[in-house]
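Novice: Let me begin by handing over the structure; questions about it come next.
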Amino acid sequence: MFCEKAIELIRELQRMGDGQLPAFNEDGIRQVLEEMKALYEQNQSDVNEAKSEGRSELIPTIKFRHCCLLRNQRCIAAYLYDRLLRIRALRWEYGSVLPTNIRFHLCAEEKSLATFMRSLGGEEGLDITQDVKPPKSLYIEVRCLKDHGEFEIDDGTIILLKKNSQHFLPRWKCEQLIRQGVLEHVMS
């Protein structure tokens with residue numbers, strides 16, 4: 001039946017809860033695109049036949065196939081957009097380096113953020129996932145919520161992050177640990 005593979009892509013995302021990312025279904029996408037190509041070619045053939053031979057009885061079939069093409073197109077767009085939203089949320093939660101179990105579910109194009117960030121800002125690149133909001137100051141006071149161990153900042157200083165200890169650190173070095181719940185920003 002038409003559009004079944006496309007609808008299965010959407011159902012696959014619905015089965016996963018929020019914050020979870022299913023593996024990219026490259027095979028499913030390929031099958032939907034092949035179905036769309038076949039529908040398009042059948043329509044082209046029938047349109048040419050309807051025009052040249054005046055077979056108006058083919059028009060409902062052509063319209064039906066066209067509706068199937070549009071439905072497949074909408075389903076693929078919805079599948080990709082939902083994945084984009086999930087990946088964006090995960091990038092803000094985990095930063096530029098995703099856990100292995102999440103990275104495993106990404107396709108090559110979805111992993112391209114790291115390549116893009118390395119191409120910006122010189123040798124080290126530029127981490128565009130650091131600041132959720134533009135910073136008001138470069139240094140912030142933070143309190144450690146749990147034992148984390150040693151933490152090195154840019155000037156080579158090593159700081160021991162122990163539970164309930166407070167530190168004055170560069171904001172961009174702390175953002176990731178704040179999002180992970182290791183540190184909390186102390187408002188003075």
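For the structure tokens, the naming scheme is as follows: chains receive sequential letters (A, B, ...) according to their order of presentation, residues are indexed from 1 within each chain, and ligands are indexed from 1 in presentation order.
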Find the residues near A:Leu39: any atom within 8 Å, counting only C-alpha atoms, skip ones fewer than 6 places away on the same chain, and give them as an mmCIF file with N, CA, C and O atoms, in the first residue's frame.

Specialist:
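In the end it all went to result38.cif:
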```cif
data_model
loop_
_atom_site.group_PDB
_atom_site.id
_atom_site.type_symbol
_atom_site.label_atom_id
_atom_site.label_comp_id
_atom_site.auth_asym_id
_atom_site.auth_seq_id
_atom_site.Cartn_x
_atom_site.Cartn_y
_atom_site.Cartn_z
ATOM 1 N N ARG A 65 -2.076 9.444 -6.983
ATOM 2 C CA ARG A 65 -0.620 9.267 -6.852
ATOM 3 C C ARG A 65 0.045 10.565 -6.396
ATOM 4 O O ARG A 65 0.978 10.542 -5.605
ATOM 5 N N HIS A 66 -0.445 11.687 -6.913
ATOM 6 C CA HIS A 66 0.129 12.976 -6.518
ATOM 7 C C HIS A 66 -0.091 13.228 -5.019
ATOM 8 O O HIS A 66 0.811 13.700 -4.325
ATOM 9 N N LEU A 69 2.386 11.203 -3.185
ATOM 10 C CA LEU A 69 3.700 11.860 -3.236
ATOM 11 C C LEU A 69 3.798 12.967 -2.187
ATOM 12 O O LEU A 69 4.799 13.063 -1.460
#
```

Novice: Please return, as JSON, numbers by chain, all residues of stretch 2-177 of chain A that DSSP assigns to strand (DSSP E or B) on the basis of the backbone.

Specialist: {"A": [139, 140, 141, 142, 143, 144, 149, 150, 151, 152, 158, 159, 160, 161, 166, 167, 168, 169, 170]}

Novice: Residues within 12 Å of A:Ile76, please, as a list of chain:residue names. Count only C-alpha atoms; anything in the same chain fewer than 4 positions from it doesn't count.

Specialist: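 Close residues of A:Ile76: A:Cys3, A:Glu4, A:Lys5, A:Ala6, A:Ile7, A:Glu8, A:Leu9, A:Ile10, A:Arg11, A:Leu13, A:Asn25, A:Glu26, A:Gly28, A:Ile29, A:Arg30, A:Gln31, A:Val32, A:Leu33, A:Met36, A:Leu69, A:Leu70, A:Arg71, A:Asn72, A:Leu80, A:Tyr81, A:Asp82, A:Arg83.
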
Novice: How about saving the chosen residues, N, CA, C and O atoms kept, as a tab-separated table (two decimals), in the first residue's frame?

Specialist:
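Saved to result36.tsv:
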```tsv
chain	number	residue	atom	x	y	z
A	3	CYS	N	2.41	4.85	0.90
A	3	CYS	CA	2.73	5.68	2.08
A	3	CYS	C	2.94	4.90	3.38
A	3	CYS	O	3.12	5.51	4.43
A	4	GLU	N	2.91	3.58	3.36
A	4	GLU	CA	3.07	2.81	4.59
A	4	GLU	C	4.46	3.00	5.21
A	4	GLU	O	4.58	3.14	6.42
A	5	LYS	N	5.50	3.00	4.38
A	5	LYS	CA	6.86	3.16	4.90
A	5	LYS	C	7.04	4.54	5.52
A	5	LYS	O	7.69	4.68	6.55
A	6	ALA	N	6.45	5.56	4.89
A	6	ALA	CA	6.57	6.92	5.42
A	6	ALA	C	5.87	7.04	6.77
A	6	ALA	O	6.40	7.65	7.71
A	7	ILE	N	4.71	6.44	6.89
A	7	ILE	CA	3.97	6.50	8.16
A	7	ILE	C	4.71	5.71	9.24
A	7	ILE	O	4.73	6.09	10.41
A	8	GLU	N	5.38	4.63	8.84
A	8	GLU	CA	6.16	3.85	9.80
A	8	GLU	C	7.33	4.68	10.37
A	8	GLU	O	7.67	4.53	11.55
A	9	LEU	N	7.91	5.55	9.56
A	9	LEU	CA	8.96	6.44	10.06
A	9	LEU	C	8.43	7.33	11.19
A	9	LEU	O	9.09	7.51	12.21
A	10	ILE	N	7.24	7.86	10.99
A	10	ILE	CA	6.63	8.73	12.01
A	10	ILE	C	6.29	7.92	13.27
A	10	ILE	O	6.54	8.37	14.39
A	11	ARG	N	5.76	6.74	13.09
A	11	ARG	CA	5.42	5.89	14.25
A	11	ARG	C	6.68	5.53	15.05
A	11	ARG	O	6.63	5.41	16.27
A	13	LEU	N	9.27	7.35	15.55
A	13	LEU	CA	9.60	8.47	16.43
A	13	LEU	C	8.62	8.57	17.60
A	13	LEU	O	9.01	8.89	18.71
A	25	ASN	N	16.93	6.04	10.40
A	25	ASN	CA	16.41	4.95	9.57
A	25	ASN	C	16.71	5.24	8.10
A	25	ASN	O	15.83	5.63	7.34
A	26	GLU	N	17.95	5.04	7.73
A	26	GLU	CA	18.38	5.32	6.36
A	26	GLU	C	17.67	4.41	5.36
A	26	GLU	O	17.27	4.85	4.27
A	28	GLY	N	14.64	3.07	5.68
A	28	GLY	CA	13.27	3.53	5.56
A	28	GLY	C	13.16	4.77	4.68
A	28	GLY	O	12.26	4.86	3.83
A	29	ILE	N	14.06	5.71	4.87
A	29	ILE	CA	14.08	6.93	4.04
A	29	ILE	C	14.31	6.55	2.58
A	29	ILE	O	13.63	7.04	1.67
A	30	ARG	N	15.26	5.66	2.33
A	30	ARG	CA	15.56	5.23	0.95
A	30	ARG	C	14.33	4.58	0.31
A	30	ARG	O	14.01	4.85	-0.84
A	31	GLN	N	13.62	3.73	1.06
A	31	GLN	CA	12.44	3.06	0.52
A	31	GLN	C	11.33	4.06	0.18
A	31	GLN	O	10.67	3.94	-0.85
A	32	VAL	N	11.16	5.07	1.04
A	32	VAL	CA	10.14	6.09	0.76
A	32	VAL	C	10.52	6.89	-0.49
A	32	VAL	O	9.68	7.16	-1.34
A	33	LEU	N	11.81	7.23	-0.60
A	33	LEU	CA	12.24	7.98	-1.78
A	33	LEU	C	12.10	7.16	-3.06
A	33	LEU	O	11.73	7.70	-4.11
A	36	MET	N	8.50	7.24	-3.95
A	36	MET	CA	8.16	8.53	-4.53
A	36	MET	C	8.63	8.64	-5.98
A	36	MET	O	7.91	9.15	-6.84
A	69	LEU	N	2.39	11.20	-3.19
A	69	LEU	CA	3.70	11.86	-3.24
A	69	LEU	C	3.80	12.97	-2.19
A	69	LEU	O	4.80	13.06	-1.46
A	70	LEU	N	2.76	13.79	-2.12
A	70	LEU	CA	2.77	14.89	-1.14
A	70	LEU	C	2.77	14.36	0.30
A	70	LEU	O	3.45	14.91	1.16
A	71	ARG	N	2.03	13.28	0.54
A	71	ARG	CA	2.00	12.70	1.89
A	71	ARG	C	3.37	12.16	2.27
A	71	ARG	O	3.85	12.36	3.38
A	72	ASN	N	4.00	11.43	1.35
A	72	ASN	CA	5.35	10.93	1.61
A	72	ASN	C	6.31	12.07	1.88
A	72	ASN	O	7.15	12.00	2.79
A	80	LEU	N	12.42	14.20	9.62
A	80	LEU	CA	13.70	14.91	9.72
A	80	LEU	C	13.61	16.09	10.69
A	80	LEU	O	14.54	16.34	11.45
A	81	TYR	N	12.49	16.80	10.68
A	81	TYR	CA	12.34	17.95	11.57
A	81	TYR	C	12.27	17.50	13.03
A	81	TYR	O	12.87	18.13	13.90
A	82	ASP	N	11.57	16.42	13.30
A	82	ASP	CA	11.50	15.91	14.68
A	82	ASP	C	12.88	15.50	15.16
A	82	ASP	O	13.26	15.78	16.30
A	83	ARG	N	13.64	14.83	14.29
A	83	ARG	CA	15.01	14.46	14.66
A	83	ARG	C	15.85	15.71	14.92
A	83	ARG	O	16.63	15.75	15.86
```

Novice: Please provide as a VMD selection string all residues within 6 Å of stretch 163-173 of chain A, with the sequence filter that same-chain residues fewer than 4 positions apart are discarded (counting only C-alpha atoms).

Specialist: chain A and resid 138 to 147

Novice: Kindly save the residues from that selection, with N, CA, C and O atoms included, as a PDB file, in the first residue's frame.

Specialist:
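In the end it all went to out07.pdb:
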```pdb
ATOM      1  N   LEU A 138      32.412  37.614  31.936  1.00  0.00           N
ATOM      2  CA  LEU A 138      33.218  36.483  31.489  1.00  0.00           C
ATOM      3  C   LEU A 138      33.481  35.477  32.599  1.00  0.00           C
ATOM      4  O   LEU A 138      33.720  34.306  32.334  1.00  0.00           O
ATOM      5  N   TYR A 139      33.452  35.944  33.867  1.00  0.00           N
ATOM      6  CA  TYR A 139      33.682  35.064  35.004  1.00  0.00           C
ATOM      7  C   TYR A 139      32.418  35.020  35.869  1.00  0.00           C
ATOM      8  O   TYR A 139      31.735  36.026  36.025  1.00  0.00           O
ATOM      9  N   ILE A 140      32.149  33.841  36.417  1.00  0.00           N
ATOM     10  CA  ILE A 140      30.989  33.697  37.298  1.00  0.00           C
ATOM     11  C   ILE A 140      31.392  32.918  38.548  1.00  0.00           C
ATOM     12  O   ILE A 140      32.385  32.187  38.546  1.00  0.00           O
ATOM     13  N   GLU A 141      30.594  33.097  39.585  1.00  0.00           N
ATOM     14  CA  GLU A 141      30.814  32.351  40.821  1.00  0.00           C
ATOM     15  C   GLU A 141      29.921  31.115  40.764  1.00  0.00           C
ATOM     16  O   GLU A 141      28.733  31.205  40.472  1.00  0.00           O
ATOM     17  N   VAL A 142      30.526  29.956  41.033  1.00  0.00           N
ATOM     18  CA  VAL A 142      29.789  28.697  40.972  1.00  0.00           C
ATOM     19  C   VAL A 142      29.988  27.903  42.254  1.00  0.00           C
ATOM     20  O   VAL A 142      31.008  28.035  42.929  1.00  0.00           O
ATOM     21  N   ARG A 143      29.000  27.094  42.573  1.00  0.00           N
ATOM     22  CA  ARG A 143      29.073  26.184  43.714  1.00  0.00           C
ATOM     23  C   ARG A 143      29.001  24.774  43.165  1.00  0.00           C
ATOM     24  O   ARG A 143      28.184  24.462  42.303  1.00  0.00           O
ATOM     25  N   CYS A 144      29.847  23.913  43.680  1.00  0.00           N
ATOM     26  CA  CYS A 144      29.895  22.525  43.234  1.00  0.00           C
ATOM     27  C   CYS A 144      28.805  21.737  43.968  1.00  0.00           C
ATOM     28  O   CYS A 144      28.734  21.757  45.189  1.00  0.00           O
ATOM     29  N   LEU A 145      27.952  21.065  43.203  1.00  0.00           N
ATOM     30  CA  LEU A 145      26.840  20.315  43.789  1.00  0.00           C
ATOM     31  C   LEU A 145      27.203  18.878  44.124  1.00  0.00           C
ATOM     32  O   LEU A 145      26.526  18.227  44.908  1.00  0.00           O
ATOM     33  N   LYS A 146      28.244  18.368  43.471  1.00  0.00           N
ATOM     34  CA  LYS A 146      28.705  17.006  43.760  1.00  0.00           C
ATOM     35  C   LYS A 146      30.194  16.916  43.442  1.00  0.00           C
ATOM     36  O   LYS A 146      30.732  17.732  42.705  1.00  0.00           O
ATOM     37  N   ASP A 147      30.838  15.923  44.017  1.00  0.00           N
ATOM     38  CA  ASP A 147      32.272  15.738  43.759  1.00  0.00           C
ATOM     39  C   ASP A 147      32.493  15.440  42.280  1.00  0.00           C
ATOM     40  O   ASP A 147      31.834  14.573  41.709  1.00  0.00           O
TER      41      ASP A 147
END
```

Novice: Can you tell me, as a ChimeraX atom specification, what residues are no more than 10 Å from stretch 16-23 of chain A when counting only C-alpha atoms, ignoring any on the same chain fewer than 4 positions away?

Specialist: /A:11-12,82-83,85-87,89-90,93,101-107

Novice: Give me, as a list in words, all polymer residues having an atom no more than 10 Å from A:Thr61, counting only C-alpha atoms and skipping those fewer than 6 positions away in the same chain.

Specialist: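 My list of contacting residues is Gln42, Asn43, Asp46 and Cys67 of chain A.
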
Novice: If you run DSSP over the backbone, which residues in stretch 49-98 of chain A end up alpha helix (DSSP H)? Put them as a ChimeraX atom specification.

Specialist: /A:49-53,59-94

Novice: Identify which of the residues A:Leu58, A:Cys75, A:Asn48, A:Gln180 lies closest to A:Arg91, counting only C-alpha atoms when measuring atom-to-atom distances.

Specialist: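 Comparing A:Leu58, A:Cys75, A:Asn48, A:Gln180 against A:Arg91, the winner is A:Gln180.
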
Novice: With only C-alpha atoms as the basis for distance, which of A:Leu84, A:Cys68, A:Leu177, A:Phe2 is at the shortest distance from A:Glu109?

Specialist: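 Smallest separation from A:Glu109 among the options: A:Leu84.
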